[in-house]
Each structure stands twice: as structure tokens, then as C-alpha cells.
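For reference, the structure is listed below as C-alpha cells.
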Amino acid sequence: MKYHENILEVASLLPDYMGFIFWAKSSRYFDGIIPILPKSIKKTGVFVNETIDEILAKAEKHDLQAIQLHGSESVTFCKELKNKMHTEIEIIKVFSVDDSFDFELLKPYETVCDYFLFDTKGKLPGGNGTTFDWKTLENYPSTKPFFLSGGIGIEELQSVQEILKTKLPIHAIDVNSKFEIEPGLKNVELSKDAIIRISNIKQ
């Protein structure tokens, strides 16, 4: 999210999480003030290879409830960040997935992150607008809940419904680029449609 009025419009739909990108190279870079949101929405700061001090500063400034690490952050980095943060702030570690992804890489992160997020491997750290082959997740060896991400639009929700029927510990569905009018500006009606559909699937 990027624009004040659009943030409030989407917030009225009560998504579980709302993301704000604090990576300056992103076209969705957020440098404003987050308006007051319903308490049920977890304000999530997205960072790419940022320093711990800067993450802590942004978390305090914007009263973030979740931190999404979208770079090459190490296990040691995540552990130090978790130790310095308030325990109620969730840490979500992102992994870019393709057909050759090695799930063994996840094991050391299990104790230092609250959730994983699986996105499509592409040119950018995120927001590439493409899906990866979800059959790859059949190899997921962990019970750690994760966010499913990567080019999910209305057309993919039927496939989302099918994967939610499996025993995979999917915590949330992450949608972004396919619901945008332009980077950071969401189509509210399309977003409303998605939230209703996903809510119905979860029930």
C-alpha cells in the first residue's frame, strides 16, 4: 500500500495484513505516515537487506505488527532481530521458489521466524506478477505455517481453493500486483471480490 485514501478504502475491507514496502528501490516504496487502521489489521513492514537498527526504527515509528524480510537475511540476522524486537511482532521470512528450490534451507530459520512466505523467483525481490508451480510445495517438510504468494489474481483463486484443501500449513494468501491499478494503488472492488472469495474458501 502507498496512498492514504486507498489505504483507508482497502482497510475498510478488513484484510488480515496490510503491507508497506520500505525498500527505496521499489516502485511501491512507502515514505508517508500510515493512517489509523482497524486493530484487526496487522501493519506489515517489508524490508530488503535492511539494517536491524533501521527495521527497529521503522517498526517503532509505524507501530508495525509484522516484519517481512524479503532479502538474503541470514539465520543469525533473524535471530538478532527477533531478540531485539517485542515478542508480539511477527517475523515473516520470504523465500523465492522455483522448481529446483531446496526446502532443507528452511530448517535453520524455523526457530527464528514466525512464518515463511513463498514467492516466485524473479528479477525483483517481489511483485513480479507470476506464479510458481505450487506442486513444488508437496515437498514442504515443515509444520511452520506459511504465506502463499506470487502473482495470485482472481483467475488463480480456483487453484488456491484446491491447495487449501491439502494438509499444507497455509497461514495466509498474499495478493498484490494483480490487484493494482498502478504500483501501490489497489483496485478496491477487485480486492473486495478477492477477500470475499478467499473468506468463503477458508470456511
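Quick note on naming: the chains in the C-alpha cells go A, B, ... in the order shown, residues restart at 1 in each chain, and ligands are numbered from 1 in order of appearance.
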Neighbour list for Asp102 of chain A as a PyMOL selection string, cut-off 10 Å, only C-alpha atoms, skip fewer than 3 positions in-chain: chain A and resi 97-99+105-106+136+139-140
Every residue of segment 53-148 of chain A that DSSP places in helix (DSSP H, G or I), as an MDAnalysis selection string: chainID A and resid 53:62 75:84 103:109 134:139
File dump, residues just selected, C-alpha atoms, as a compact mmCIF listing (two decimals), in the first residue's frame:
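Once written, part.txt looks like this:
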```txt
# COMPACT_ATOMS: atom_id res chain seq x y z
CA ASP A 53 18.53 -0.61 13.56
CA GLU A 54 16.55 0.74 10.59
CA ILE A 55 13.97 -2.04 10.86
CA LEU A 56 13.56 -1.36 14.58
CA ALA A 57 13.19 2.36 13.92
CA LYS A 58 10.50 1.82 11.28
CA ALA A 59 8.71 -0.70 13.50
CA GLU A 60 8.55 1.82 16.31
CA LYS A 61 7.63 4.78 14.10
CA HIS A 62 4.75 3.00 12.37
CA VAL A 75 19.58 -17.02 10.29
CA THR A 76 21.85 -15.00 12.59
CA PHE A 77 20.27 -11.76 11.37
CA CYS A 78 16.73 -13.07 12.00
CA LYS A 79 17.70 -14.32 15.45
CA GLU A 80 19.23 -10.99 16.45
CA LEU A 81 16.23 -9.10 15.11
CA LYS A 82 13.82 -11.36 16.99
CA ASN A 83 15.78 -10.94 20.22
CA LYS A 84 15.72 -7.15 19.93
CA PHE A 103 13.44 -26.92 1.27
CA GLU A 104 16.29 -28.04 3.51
CA LEU A 105 17.35 -24.37 3.52
CA LEU A 106 14.37 -23.61 5.74
CA LYS A 107 15.31 -25.73 8.75
CA PRO A 108 17.70 -23.27 10.45
CA TYR A 109 15.09 -20.49 10.13
CA TRP A 134 2.58 -24.99 -6.41
CA LYS A 135 3.17 -28.72 -6.81
CA THR A 136 6.67 -27.89 -5.58
CA LEU A 137 5.11 -27.41 -2.14
CA GLU A 138 4.30 -31.11 -1.99
CA ASN A 139 7.92 -31.39 -0.85
```
Residue set, segment 68-155 of chain A restricted to strand (DSSP E), as a PDB file with C-alpha atoms, in the first residue's frame:
```pdb
ATOM      1  CA  GLN A  68       8.571  -9.234   6.244  1.00  0.00           C
ATOM      2  CA  LEU A  69      12.185  -9.912   5.300  1.00  0.00           C
ATOM      3  CA  GLU A  90       5.757 -11.332  13.803  1.00  0.00           C
ATOM      4  CA  ILE A  91       8.770 -12.079  11.633  1.00  0.00           C
ATOM      5  CA  ILE A  92       7.981 -13.399   8.156  1.00  0.00           C
ATOM      6  CA  LYS A  93      10.946 -14.686   6.152  1.00  0.00           C
ATOM      7  CA  VAL A  94      10.495 -14.747   2.390  1.00  0.00           C
ATOM      8  CA  PHE A  95      11.961 -17.390   0.107  1.00  0.00           C
ATOM      9  CA  SER A  96      11.908 -17.172  -3.689  1.00  0.00           C
ATOM     10  CA  VAL A  97      10.823 -20.519  -5.097  1.00  0.00           C
ATOM     11  CA  TYR A 115       6.144 -17.604   9.331  1.00  0.00           C
ATOM     12  CA  PHE A 116       7.669 -18.304   5.951  1.00  0.00           C
ATOM     13  CA  LEU A 117       6.451 -16.694   2.738  1.00  0.00           C
ATOM     14  CA  PHE A 118       6.937 -18.423  -0.597  1.00  0.00           C
ATOM     15  CA  ASP A 119       7.117 -16.113  -3.589  1.00  0.00           C
ATOM     16  CA  THR A 120       8.045 -16.655  -7.217  1.00  0.00           C
ATOM     17  CA  PHE A 146       3.476 -20.026   5.579  1.00  0.00           C
ATOM     18  CA  PHE A 147       2.081 -17.320   3.312  1.00  0.00           C
ATOM     19  CA  LEU A 148       1.393 -18.344  -0.277  1.00  0.00           C
TER      20      LEU A 148
END
```
Shell of 9 Å around segment 173-186 of chain A, only C-alpha atoms, local chain residues under 2 positions omitted, as a ChimeraX atom specification: /A:1-3,6-7,10,17,20,27-30,117,127-129,146-154,160,170-171,188-191,194,198
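Here atom CA of Thr87 of chain A and atom CA of Pro15 of chain A stand 22.2 Å from one another.
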Pick from A:Leu64, A:Val112, A:Thr51, A:Asn187, whichever lies nearest to Ile33 of chain A using only C-alpha atoms: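 When distances to Ile33 of chain A are compared using only C-alpha atoms, the smallest one comes from A:Leu64.
Computed from the coordinates, the atom CA of Asp16 of chain A to atom CA of Asn200 of chain A distance equals 14.6 Å.
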Coordinates-based distance that separates atom CA of Gln65 of chain A from atom CA of Gly19 of chain A (Å, one decimal): 10.5 Å
